[in-house]
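**Student:** I'd like to ask some things about the structure below.
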Amino acid sequence: MQTTRFVLEQQEIPTHWYNVVADMPNPPSPPLGPDGNVVSPEQMLAIFPGPLLEQEMSAERWIPIPEAVREIYRLWRPSPLIRALRLEQALGTSAKLYYKNEGVSPAGSHKPNTAVPQAFYNHQVGIRRLTTETGAGQWGSSMAFAGQMFGIEVRVFMVKVSYDQKPSRRSMMQAWGAEVFSSPSILTKAGRDVLAKHPDSDGSLGLAISEAVEEAAGRPDTNYCLGSVLNHVLLHQTIIGLEAKKQFEKAGDWPDVIFGPCGGGSSFGGIALPFLADKAAGKTPNLRLVAVEPTSCPTLTKGAYAYDYGDASGYTPIMKMYTLGHDFMPPGIHAGGLRYHGDSPLISQLVHEGLMEAVAVPQVATFEAGVLFAKAEGIIPAPESCHAIRAAIDEALECKRTGEPKTILFNLTGHGHFDMASYDRYFSGKLEDYDYPAEAIHESLAHLPKV
Ligand SMILES: *Cc1c(COP(=O)(O)O)cnc(C)c1O
């Protein structure tokens, strides 16, 4: 019998995260304040703990993982690397398909990889209360779980469309002791302003961020946590790719192309950046790293590379990134984790400089791919992960056509057990493909801050 599951021992959980800034051809552009000046650490300390800010600005290649964090990681890490042999057979492809299964975490996705260190560093500096936002509910549940590990209170602003679609995600956060509010809420000025203009607003990740930041900035005992986009979040997620490299060594194989779903870029950075180190050093020049996004929220493929706010209301510093404009409201697609107007500045820069690529896929085709994967491999993927599966299957089918024996890796960022309502819509033929919202994007790009 052929080996298809490549596992590591608990002792092999990496001891350091990898910081790609050390190996980037050009230094990252710093975040700027509304006055156009570089944001001072003092301003950021109002909502983030010092150790995370240091990581945010660090250019050190290797950052040690605190032992207390590794001890929580071992509840589910190292996560398995699986060869999707049955999917290969179902496709009849000459390619080899592997996936890293991040759905084995307590919250069901990669997000606890950063939620745990974020709770740890906040606890270390004496913070007892955290606010955050959540789209599909994955980040909120990860933060609720991580807060519980270190005895920190967590308040979550949950994008309304998900709050209504996913009551079980809410209960999950409550089981780990968090408070959950539908966003836009009446608890903040940002929420009240939107409700006054659009009482039926579906909400957006950008707006929920505004609400959580507003509350954290207004209370000294409270800090804010972001589940994606920022450098320190990508740093923590590199544990995915670092483990995968050790697992490929055991498998005696190496990827030619890596696909990951991309919302704010954290899981894609997490799996891809450790491999990018070898590409940047000229060791694997042909390796392709491909971010996969929805056609309805096509940040990397159709956005502008420009300075923009991270949230809808303009509370955050402006960052240089691919953006659809901070007031762009994406359609209410079922991959809630991919409905973000911007993207990680690190991923944006690497795409801009040609070291990484991006593709966009339509919604219905992603569910088709997810169901094909579930039938072959048994795991029901999160709708976000279905984006990477779609692109990986398309690549494998292209290999079938050309007869190429490529090795393809994709990031199974989460399971879809809390997304069955979306699958129901797919099975009943009610799931729509949204057109590329050209006009809305054109309109919101007219409101980029002037730098
Ligand atoms: C949040 C989420 C994503 C997208 O977020 P990134 O920061 O781009 O990784 C992808 N997959 C799942 C399962 C998620 O929960």
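Letters A, B, ... go to the chains of the structure tokens in the order shown; residues in each chain start at 1; ligands are counted from 1 in the same order.
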Kindly provide the residues of region 257-366 of chain A that approach region 100-114 of chain A to within 10 Å, each paired with its closest atom pair and their distance in Å to one decimal, based on only C-alpha atoms, listed by chain and increasing number, as a tab-separated table.
**Tutor:**
```
residue	atom	partner	partner_atom	distance
A:Ser266	CA	A:Lys111	CA	8.6
A:Ser267	CA	A:His110	CA	6.8
A:Gly270	CA	A:His110	CA	9.1
A:Ile271	CA	A:Lys100	CA	8.5
```
**Student:** Could you tell me, counting only C-alpha atoms and all ligand atoms, which protein and nucleic acid residues lie no more than 7 Å from ligand 1, written as a list in words?
**Tutor:**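 Result of the 7 Å neighbour search around ligand 1: Ser109, His110, Lys111, Ala136, Gln138, Trp139, Gly227, Ser228, Val229, Pro261, Cys262, Gly263, Gly264, Gly265, Ser266, Ser267, Phe268, Gly337, Leu338, Ala382, Glu384, Ser385, Thr413, Gly414 and His415 of chain A.
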**Student:** Have a look at A:Ala59, A:Ile393, A:Ile333, A:Leu273 and name the one nearest to Glu88 (chain A); count only C-alpha atoms.
**Tutor:** A:Ile393
**Student:** Just the alpha helix (DSSP H) stuff from region 69-189 of chain A, please, per backbone DSSP, written as a ChimeraX atom specification.
**Tutor:** /A:69-73,85-91,112-124,138-149,160-165,167-175,189
**Student:** Go through A:Arg219, A:His326, A:Arg86, A:Arg61 and flag the residue nearest Ala374 (chain A), using only C-alpha atoms for the distances.
**Tutor:**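 Once distances to Ala374 (chain A) are computed over only C-alpha atoms, the minimum belongs to A:Arg86.
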**Student:** Give me, please, the distance in Å between CA of Val116 (chain A) and CA of Ser210 (chain A), quoted to one decimal.
**Tutor:** 22.4 Å
**Student:** Region 123-191 of chain A: which residues are strand (DSSP E or B) by DSSP, as a list of chain:residue names?
**Tutor:**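 Put together, the selection reads A:Arg129, A:Leu130, A:Thr131, A:Thr132, A:Glu133, A:Thr134, A:Glu153, A:Val154, A:Arg155, A:Val156, A:Phe157, A:Met158, A:Val159, A:Glu179, A:Val180, A:Phe181, A:Ser182, A:Ser183.
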**Student:** Those same residues - all heavy atoms - I'd like them written as a compact mmCIF listing (two decimals), in the first residue's frame.
**Tutor:**
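So result-v2.txt came out as:
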```txt
# COMPACT_ATOMS: atom_id res chain seq x y z
N ARG A 129 -8.77 42.00 27.76
CA ARG A 129 -9.96 42.05 26.93
C ARG A 129 -9.53 42.31 25.49
O ARG A 129 -8.67 43.15 25.24
CB ARG A 129 -10.81 43.22 27.42
CG ARG A 129 -12.26 43.06 27.22
CD ARG A 129 -13.04 44.13 27.99
NE ARG A 129 -14.34 44.20 27.35
CZ ARG A 129 -14.63 44.96 26.31
NH1 ARG A 129 -13.73 45.77 25.80
NH2 ARG A 129 -15.82 44.92 25.77
N LEU A 130 -10.13 41.59 24.53
CA LEU A 130 -9.78 41.76 23.11
C LEU A 130 -11.04 41.95 22.28
O LEU A 130 -12.07 41.33 22.58
CB LEU A 130 -9.03 40.52 22.60
CG LEU A 130 -7.61 40.31 23.13
CD1 LEU A 130 -7.09 38.92 22.77
CD2 LEU A 130 -6.66 41.38 22.60
N THR A 131 -10.96 42.82 21.26
CA THR A 131 -12.06 42.91 20.31
C THR A 131 -11.54 42.43 18.95
O THR A 131 -10.35 42.54 18.66
CB THR A 131 -12.55 44.36 20.08
OG1 THR A 131 -11.46 45.14 19.59
CG2 THR A 131 -13.10 44.96 21.36
N THR A 132 -12.46 41.93 18.16
CA THR A 132 -12.08 41.56 16.81
C THR A 132 -13.33 41.50 15.94
O THR A 132 -14.45 41.64 16.43
CB THR A 132 -11.29 40.23 16.79
OG1 THR A 132 -10.65 40.11 15.54
CG2 THR A 132 -12.20 39.03 17.02
N GLU A 133 -13.09 41.31 14.62
CA GLU A 133 -14.18 41.16 13.68
C GLU A 133 -14.16 39.73 13.16
O GLU A 133 -13.16 39.04 13.28
CB GLU A 133 -13.99 42.11 12.49
CG GLU A 133 -12.89 41.69 11.52
CD GLU A 133 -11.48 41.79 12.08
OE1 GLU A 133 -11.29 42.63 12.99
OE2 GLU A 133 -10.59 41.04 11.64
N THR A 134 -15.26 39.30 12.55
CA THR A 134 -15.21 38.03 11.86
C THR A 134 -16.13 38.08 10.65
O THR A 134 -17.19 38.71 10.69
CB THR A 134 -15.54 36.85 12.80
OG1 THR A 134 -15.12 35.63 12.20
CG2 THR A 134 -17.04 36.77 13.12
N GLU A 153 -10.96 37.86 27.90
CA GLU A 153 -12.32 38.07 27.39
C GLU A 153 -12.26 38.48 25.92
O GLU A 153 -11.43 39.32 25.55
CB GLU A 153 -12.90 39.28 28.12
CG GLU A 153 -14.10 39.05 28.97
CD GLU A 153 -14.50 40.37 29.64
OE1 GLU A 153 -15.10 41.23 28.95
OE2 GLU A 153 -14.17 40.53 30.83
N VAL A 154 -13.16 37.97 25.09
CA VAL A 154 -13.15 38.30 23.66
C VAL A 154 -14.53 38.79 23.21
O VAL A 154 -15.55 38.17 23.53
CB VAL A 154 -12.74 37.06 22.81
CG1 VAL A 154 -12.84 37.35 21.32
CG2 VAL A 154 -11.32 36.61 23.16
N ARG A 155 -14.57 39.95 22.52
CA ARG A 155 -15.81 40.47 21.95
C ARG A 155 -15.68 40.49 20.43
O ARG A 155 -14.74 41.08 19.89
CB ARG A 155 -16.09 41.88 22.47
CG ARG A 155 -17.27 42.53 21.78
CD ARG A 155 -17.64 43.85 22.40
NE ARG A 155 -18.45 43.67 23.60
CZ ARG A 155 -19.14 44.65 24.19
NH1 ARG A 155 -19.09 45.87 23.71
NH2 ARG A 155 -19.86 44.40 25.26
N VAL A 156 -16.64 39.86 19.74
CA VAL A 156 -16.53 39.68 18.29
C VAL A 156 -17.64 40.44 17.55
O VAL A 156 -18.82 40.30 17.88
CB VAL A 156 -16.66 38.18 17.92
CG1 VAL A 156 -16.46 37.99 16.41
CG2 VAL A 156 -15.65 37.33 18.69
N PHE A 157 -17.26 41.27 16.55
CA PHE A 157 -18.22 41.90 15.64
C PHE A 157 -18.29 41.02 14.39
O PHE A 157 -17.30 40.88 13.67
CB PHE A 157 -17.77 43.32 15.29
CG PHE A 157 -17.85 44.26 16.46
CD1 PHE A 157 -16.76 44.44 17.31
CD2 PHE A 157 -19.04 44.94 16.74
CE1 PHE A 157 -16.84 45.29 18.41
CE2 PHE A 157 -19.12 45.79 17.85
CZ PHE A 157 -18.01 45.96 18.68
N MET A 158 -19.46 40.41 14.17
CA MET A 158 -19.60 39.43 13.09
C MET A 158 -20.40 40.04 11.94
O MET A 158 -21.52 40.53 12.14
CB MET A 158 -20.32 38.19 13.63
CG MET A 158 -20.43 37.05 12.65
SD MET A 158 -21.05 35.56 13.49
CE MET A 158 -20.84 34.34 12.19
N VAL A 159 -19.83 40.00 10.73
CA VAL A 159 -20.48 40.57 9.54
C VAL A 159 -21.91 40.02 9.44
O VAL A 159 -22.13 38.81 9.52
CB VAL A 159 -19.69 40.21 8.26
CG1 VAL A 159 -20.40 40.75 7.02
CG2 VAL A 159 -18.28 40.75 8.35
N GLU A 179 -18.30 37.01 23.46
CA GLU A 179 -19.55 37.72 23.16
C GLU A 179 -19.57 38.03 21.67
O GLU A 179 -18.55 38.46 21.12
CB GLU A 179 -19.54 39.10 23.83
CG GLU A 179 -19.68 39.17 25.30
CD GLU A 179 -19.62 40.65 25.70
OE1 GLU A 179 -18.56 41.28 25.55
OE2 GLU A 179 -20.67 41.15 26.14
N VAL A 180 -20.74 37.90 21.02
CA VAL A 180 -20.82 38.09 19.57
C VAL A 180 -21.93 39.09 19.22
O VAL A 180 -23.04 38.96 19.72
CB VAL A 180 -21.14 36.74 18.87
CG1 VAL A 180 -20.98 36.88 17.36
CG2 VAL A 180 -20.25 35.62 19.39
N PHE A 181 -21.60 40.08 18.37
CA PHE A 181 -22.59 41.06 17.91
C PHE A 181 -22.63 41.11 16.40
O PHE A 181 -21.60 40.97 15.75
CB PHE A 181 -22.25 42.46 18.44
CG PHE A 181 -22.31 42.55 19.93
CD1 PHE A 181 -21.16 42.38 20.69
CD2 PHE A 181 -23.53 42.76 20.58
CE1 PHE A 181 -21.22 42.43 22.08
CE2 PHE A 181 -23.59 42.81 21.96
CZ PHE A 181 -22.44 42.64 22.72
N SER A 182 -23.82 41.32 15.84
CA SER A 182 -23.97 41.46 14.39
C SER A 182 -23.47 42.84 13.97
O SER A 182 -23.80 43.84 14.60
CB SER A 182 -25.46 41.30 14.04
OG SER A 182 -25.66 41.57 12.67
N SER A 183 -22.66 42.89 12.90
CA SER A 183 -22.11 44.17 12.41
C SER A 183 -22.69 44.49 11.03
O SER A 183 -22.68 43.62 10.17
CB SER A 183 -20.59 44.07 12.32
OG SER A 183 -20.06 45.16 11.60
```
**Student:** So how far away is CA of Leu346 (chain A) from CA of Ala306 (chain A), in Å?
**Tutor:**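 Between CA of Ala306 (chain A) and CA of Leu346 (chain A) the gap is 13.0 Å.
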**Student:** Which one of A:Met329, A:Lys406, A:Val371, A:Ile318 sits closest to Asp35 (chain A) if you count only C-alpha atoms?
**Tutor:** A:Ile318
**Student:** Would you work out the distance separating CA of Gly342 (chain A) from CA of Ala216 (chain A), expressed in Å to one decimal?
**Tutor:**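 Computing it gives 21.7 Å between the two atoms.
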**Student:** Counting only C-alpha atoms, what is within 10 Å of Glu249 (chain A), bar same-chain residues fewer than 5 positions away, as a count of residues only?
**Tutor:** 3
**Student:** So which one's closest to Pro41 (chain A), A:Pro405, A:Pro317, A:Pro255, A:Gly354? Using only C-alpha atoms, please.
**Tutor:**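 Of A:Pro405, A:Pro317, A:Pro255, A:Gly354, the one nearest Pro41 (chain A), counting only C-alpha atoms, is A:Pro317.
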